[in-house]
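In what follows, a single structure is set out as structure tokens and then discussed.
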Amino acid sequence: MGDVLAGIHATWEFDTDSVLIRFERGIRTPRLFQSLRNRRIPYAALSSVTLTPGKRGTVVLHAVPRPGADPLLEAAAGQLKEGNDPYRLVLPAERETLAEYYADELRAVLGPEASSPAERFMVTAPEAPMHFKAYDGRAGFDGSLVSFRWFWTGASSAKWKAGDQTFPVAELAGIEWRSPEAFEGYLRLVPRGAAADSETDGPAPDPAPDAGRGSVARVQPDQDPATVVFGLGYGLVHESLPFAAAVLESVRRTQSVPVATAPVPVGGARRDPADIAERIRHLGDLHQAGLVTDAEYSAKKAELLAEL
């Protein structure tokens with residue numbers, strides 16, 4: 001098409017085989033859009049196009065992606081609020097005729113596969129390295145490893161006992177993202193083999209929205225070392241959702257490689273002595289409170305000292 005359609009918060013640039021969505025940067029632009037910056041959407045990734053009246057004298061051009069085409073929406077699993085949908089272009093009502101023209105142009109390039117789910121991701125995921133602060137730890141992703149480093153002020157004793165965690169994406173079956181805008185939001189990593197465990201152990205508690213993953217872990221998020229939990233101001237949508245999408249896309253690319261499923265504790269690099277001392281003090285508090293046994297206290301303290 002070679003044309004540009006400017007709307008509120010975003011501009012769509014039409015190419016021969018895709019549309020490039022450039023998001024505006026400003027205080028009124030949703031923070032998720034600012035985080036994404038721009039996204040190229042192949043026409044082959046779209047299933048339909050609609051044009052509907054919007055709020056306060058606007059119209060909305062909506063390009064609906066095929067299921068399974070976009071890792072961001074797969075990770076979101078239907079939890080995104082309307083205003084955070086990156087496929088909606090809001091325009092002033094006086095541009096309705098122009099918007100209808102582009103809607104027709106987009107419909108004309110949809111192929112016969114538009115009505116079918118995509119067999120692979122067709123939209124590029126946000127790029128690593130990435131990180132964000134959850135309520136109980138800091139999550140990091142370098143493109144091949146996901147790491148959780150617990151905060152002594154928020155992490156449960158179960159997570160402190162398990163220690164900081166790192167997960168190769170090749171050992172994961174997928175992710176579960178529950179929006180921080182909902183009650184008890186979290187990001188959970190699902191190890192390979194969890195689906196088989198789920199089938200033999202019966203239904204799992206704490207069901208989460210299905211985002212293309214095969215199972216739900218048994219333990220509560222705040223007790224699970226493969227999960228970081230969100231809270232007020234922690235794990236915000238514009239930080240945690242692109243992170244989840246990047247991990248999910250990487251997992252899908254490596255799922256064909258058979259690997260072990262056990263998470264591997266973080267190790268190797270030396271830590272700040274002050275940080276180690278603070279962790280030992282917190283471990284002592286847990287020990288005095290009876291949440292850690294003598295044997296667990298001694299073993300964990302020796303592990304922390306070995307990192308110096």
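Residue numbers start at 1 in each chain; chains themselves are named A, B, ... in the order of the structure tokens; ligands are numbered from 1 in the order shown.
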Would you return as a PyMOL selection string the members of segment 17-244 of chain A that DSSP assigns to strand (DSSP E) on this structure's backbone? chain A and resi 18-23+38-42+46-53+58-65+88-92+130-133+137-141+145-150+165-168+172-178+186-191+227-229
Would you mind listing what lies within 9 Å of Leu305 of chain A as a list in words, with only C-alpha atoms counted and same-chain residues fewer than 5 positions away left out? Pro273, Ile276, Ala277, Ile280 and Lys300 of chain A
For the selection you just gave me, I'd like the residues written to a file as a CSV table (one decimal), in the first residue's frame, keeping all heavy atoms.
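New file selection.csv:
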```csv
chain,number,residue,atom,x,y,z
A,273,PRO,N,29.7,-8.8,49.1
A,273,PRO,CA,29.7,-9.3,50.5
A,273,PRO,C,28.6,-8.7,51.4
A,273,PRO,O,28.0,-9.4,52.3
A,273,PRO,CB,31.1,-8.9,51.0
A,273,PRO,CG,31.9,-8.8,49.8
A,273,PRO,CD,31.0,-8.3,48.7
A,276,ILE,N,25.5,-10.6,50.7
A,276,ILE,CA,25.5,-11.9,51.3
A,276,ILE,C,25.2,-11.8,52.8
A,276,ILE,O,24.5,-12.6,53.4
A,276,ILE,CB,26.9,-12.6,51.1
A,276,ILE,CG1,27.1,-12.9,49.6
A,276,ILE,CG2,27.0,-13.9,51.9
A,276,ILE,CD1,26.1,-13.9,49.0
A,277,ALA,N,25.8,-10.8,53.5
A,277,ALA,CA,25.6,-10.6,54.9
A,277,ALA,C,24.2,-10.3,55.2
A,277,ALA,O,23.6,-10.8,56.2
A,277,ALA,CB,26.5,-9.4,55.4
A,280,ILE,N,22.3,-13.6,55.0
A,280,ILE,CA,22.5,-14.4,56.2
A,280,ILE,C,21.7,-13.9,57.4
A,280,ILE,O,21.2,-14.7,58.2
A,280,ILE,CB,24.0,-14.5,56.5
A,280,ILE,CG1,24.7,-15.3,55.4
A,280,ILE,CG2,24.3,-15.1,57.9
A,280,ILE,CD1,26.2,-15.3,55.5
A,300,LYS,N,22.2,-23.6,54.3
A,300,LYS,CA,22.0,-22.4,53.5
A,300,LYS,C,23.1,-21.4,53.8
A,300,LYS,O,23.6,-20.7,52.9
A,300,LYS,CB,20.6,-21.9,53.7
A,300,LYS,CG,20.3,-20.7,52.8
A,300,LYS,CD,20.3,-21.1,51.4
A,300,LYS,CE,20.0,-19.9,50.5
A,300,LYS,NZ,20.0,-20.2,49.1
```
Can you list, as number ranges by chain, every protein, DNA or RNA residue that comes within 9 Å of Val123 of chain A when you count only C-alpha atoms, leaving out same-chain residues fewer than 4 positions away? A: 39-42, 45, 69-72
Since we have the selection now, will you write its residues out, keeping N, CA, C and O atoms, as a CSV table (one decimal), in the first residue's frame?
```
chain,number,residue,atom,x,y,z
A,39,ARG,N,5.9,-2.2,16.2
A,39,ARG,CA,5.7,-3.6,15.9
A,39,ARG,C,5.4,-3.8,14.4
A,39,ARG,O,4.5,-3.0,13.9
A,40,ARG,N,6.0,-4.7,13.8
A,40,ARG,CA,5.7,-5.0,12.4
A,40,ARG,C,4.8,-6.2,12.3
A,40,ARG,O,5.2,-7.3,12.8
A,41,ILE,N,3.6,-6.1,11.7
A,41,ILE,CA,2.6,-7.1,11.7
A,41,ILE,C,2.4,-7.6,10.3
A,41,ILE,O,1.9,-6.9,9.4
A,42,PRO,N,2.9,-8.8,9.9
A,42,PRO,CA,2.6,-9.3,8.6
A,42,PRO,C,1.1,-9.5,8.3
A,42,PRO,O,0.4,-9.8,9.2
A,45,ALA,N,-0.5,-12.6,9.3
A,45,ALA,CA,-0.8,-12.8,10.8
A,45,ALA,C,-2.1,-12.4,11.2
A,45,ALA,O,-2.6,-12.6,12.3
A,69,ALA,N,-0.5,-16.3,16.5
A,69,ALA,CA,0.4,-15.5,15.6
A,69,ALA,C,1.3,-14.6,16.4
A,69,ALA,O,2.4,-14.2,15.9
A,70,ASP,N,0.9,-14.1,17.5
A,70,ASP,CA,1.6,-13.0,18.3
A,70,ASP,C,1.9,-13.5,19.7
A,70,ASP,O,1.0,-13.7,20.5
A,71,PRO,N,3.2,-13.6,20.1
A,71,PRO,CA,3.6,-14.1,21.4
A,71,PRO,C,3.1,-13.2,22.5
A,71,PRO,O,2.8,-13.6,23.6
A,72,LEU,N,2.9,-11.9,22.2
A,72,LEU,CA,2.4,-10.9,23.2
A,72,LEU,C,1.0,-11.3,23.6
A,72,LEU,O,0.7,-11.3,24.8
```
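Shortest separation to Asn38 of chain A among A:Ala10, A:Ala299, A:Leu304, A:Leu51 occurs at residue A:Ala10, atoms counted being only C-alpha atoms.
Nearest to His62 of chain A of all the residues A:Gly111, A:Pro126, A:Pro30, A:Gly7 is A:Gly7, counting only C-alpha atoms.
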Residues at most 6 Å from segment 83-90 of chain A, counting only C-alpha atoms, excluding those fewer than 3 positions away in the same chain, as a PyMOL selection string? chain A and resi 7-8+59-63
Can you build me a table of segment 40-150 of chain A residues sitting at most 12 Å from segment 189-193 of chain A, with the closest atom pair per residue and its distance in Å to one decimal, using only C-alpha atoms, sorted by chain and residue number, as a tab-separated table?
```
residue	atom	partner	partner_atom	distance
A:Ala75	CA	A:Leu189	CA	11.7
A:Ala139	CA	A:Leu189	CA	11.3
A:Leu145	CA	A:Leu189	CA	11.6
A:Val146	CA	A:Leu189	CA	9.0
A:Ser147	CA	A:Leu189	CA	10.5
A:Phe148	CA	A:Leu189	CA	10.6
```
Okay, now the selection with all heavy atoms, as a compact mmCIF listing (two decimals), in the first residue's frame?
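The resulting out-v2.txt:
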```txt
# COMPACT_ATOMS: atom_id res chain seq x y z
N ALA A 75 0.76 -14.68 25.43
CA ALA A 75 1.13 -14.57 26.84
C ALA A 75 0.02 -13.88 27.64
O ALA A 75 -0.27 -14.25 28.77
CB ALA A 75 2.44 -13.81 27.00
N ALA A 139 13.22 -10.31 38.23
CA ALA A 139 13.24 -11.27 37.13
C ALA A 139 14.11 -10.73 36.01
O ALA A 139 14.04 -9.55 35.65
CB ALA A 139 11.82 -11.52 36.62
N LEU A 145 18.32 -17.67 29.28
CA LEU A 145 18.13 -18.03 30.69
C LEU A 145 17.18 -17.04 31.35
O LEU A 145 17.30 -15.83 31.15
CB LEU A 145 19.46 -18.02 31.44
CG LEU A 145 20.53 -19.04 31.04
CD1 LEU A 145 21.83 -18.74 31.77
CD2 LEU A 145 20.06 -20.45 31.37
N VAL A 146 16.27 -17.56 32.15
CA VAL A 146 15.42 -16.73 33.00
C VAL A 146 15.94 -16.84 34.43
O VAL A 146 16.19 -17.95 34.91
CB VAL A 146 13.95 -17.19 32.96
CG1 VAL A 146 13.08 -16.26 33.81
CG2 VAL A 146 13.44 -17.24 31.53
N SER A 147 16.12 -15.73 35.10
CA SER A 147 16.63 -15.76 36.47
C SER A 147 15.68 -15.03 37.40
O SER A 147 15.07 -14.03 37.04
CB SER A 147 18.02 -15.11 36.54
OG SER A 147 17.97 -13.75 36.15
N PHE A 148 15.54 -15.56 38.61
CA PHE A 148 14.77 -14.93 39.68
C PHE A 148 15.72 -14.72 40.86
O PHE A 148 16.28 -15.68 41.38
CB PHE A 148 13.60 -15.81 40.13
CG PHE A 148 12.52 -15.99 39.10
CD1 PHE A 148 11.65 -17.07 39.19
CD2 PHE A 148 12.35 -15.09 38.06
CE1 PHE A 148 10.64 -17.25 38.25
CE2 PHE A 148 11.36 -15.26 37.11
CZ PHE A 148 10.50 -16.35 37.21
```
For Lys159 of chain A: contacts at 9 Å, only C-alpha atoms, fewer than 5 positions along chain excluded, given as a short mmCIF file (atom, residue, chain, number, x, y, z; two decimals) with C-alpha atoms, in the first residue's frame:
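See result.cif below for the written result:
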```cif
data_model
loop_
_atom_site.label_atom_id
_atom_site.label_comp_id
_atom_site.auth_asym_id
_atom_site.auth_seq_id
_atom_site.Cartn_x
_atom_site.Cartn_y
_atom_site.Cartn_z
CA TRP A 150 14.63 -12.95 45.64
CA ASP A 164 17.90 -17.67 43.72
CA ASP A 222 4.19 -17.12 46.68
CA GLN A 223 5.62 -20.54 47.60
CA ASP A 224 6.80 -21.56 44.12
CA PRO A 225 10.47 -20.86 43.26
#
```
Among segment 29-85 of chain A, which residues does DSSP mark as alpha helix (DSSP H) when it is run on the backbone? Keep the chain and numbering as in the structure and answer as a PyMOL selection string. chain A and resi 31-36+71-76
What is the distance, in Å and to one decimal place, between atom CA of Phe230 of chain A and atom CA of Arg120 of chain A? 29.3 Å
Atomic separation - atom CA of Thr29 of chain A relative to atom CA of Phe121 of chain A, Å: 26.4 Å
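Distance-wise, atom CA of Ala246 of chain A and atom CA of Gly143 of chain A end up 7.9 Å apart.
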Contacts of segment 100-109 of chain A at 10 Å (only C-alpha atoms; same-chain gap of 6+ positions) as number ranges by chain: A: 1, 3-5, 14, 16-19, 43-44, 46-52, 59, 61-63
For Val237 of chain A, list every protein, DNA or RNA residue within 12 Å, evaluated using only C-alpha atoms, and leave out those in the same chain fewer than 2 positions away; present the list as a PyMOL selection string. chain A and resi 30-36+72+75-76+79-81+84-85+132-134+177-182+185-187+230-235+239-245
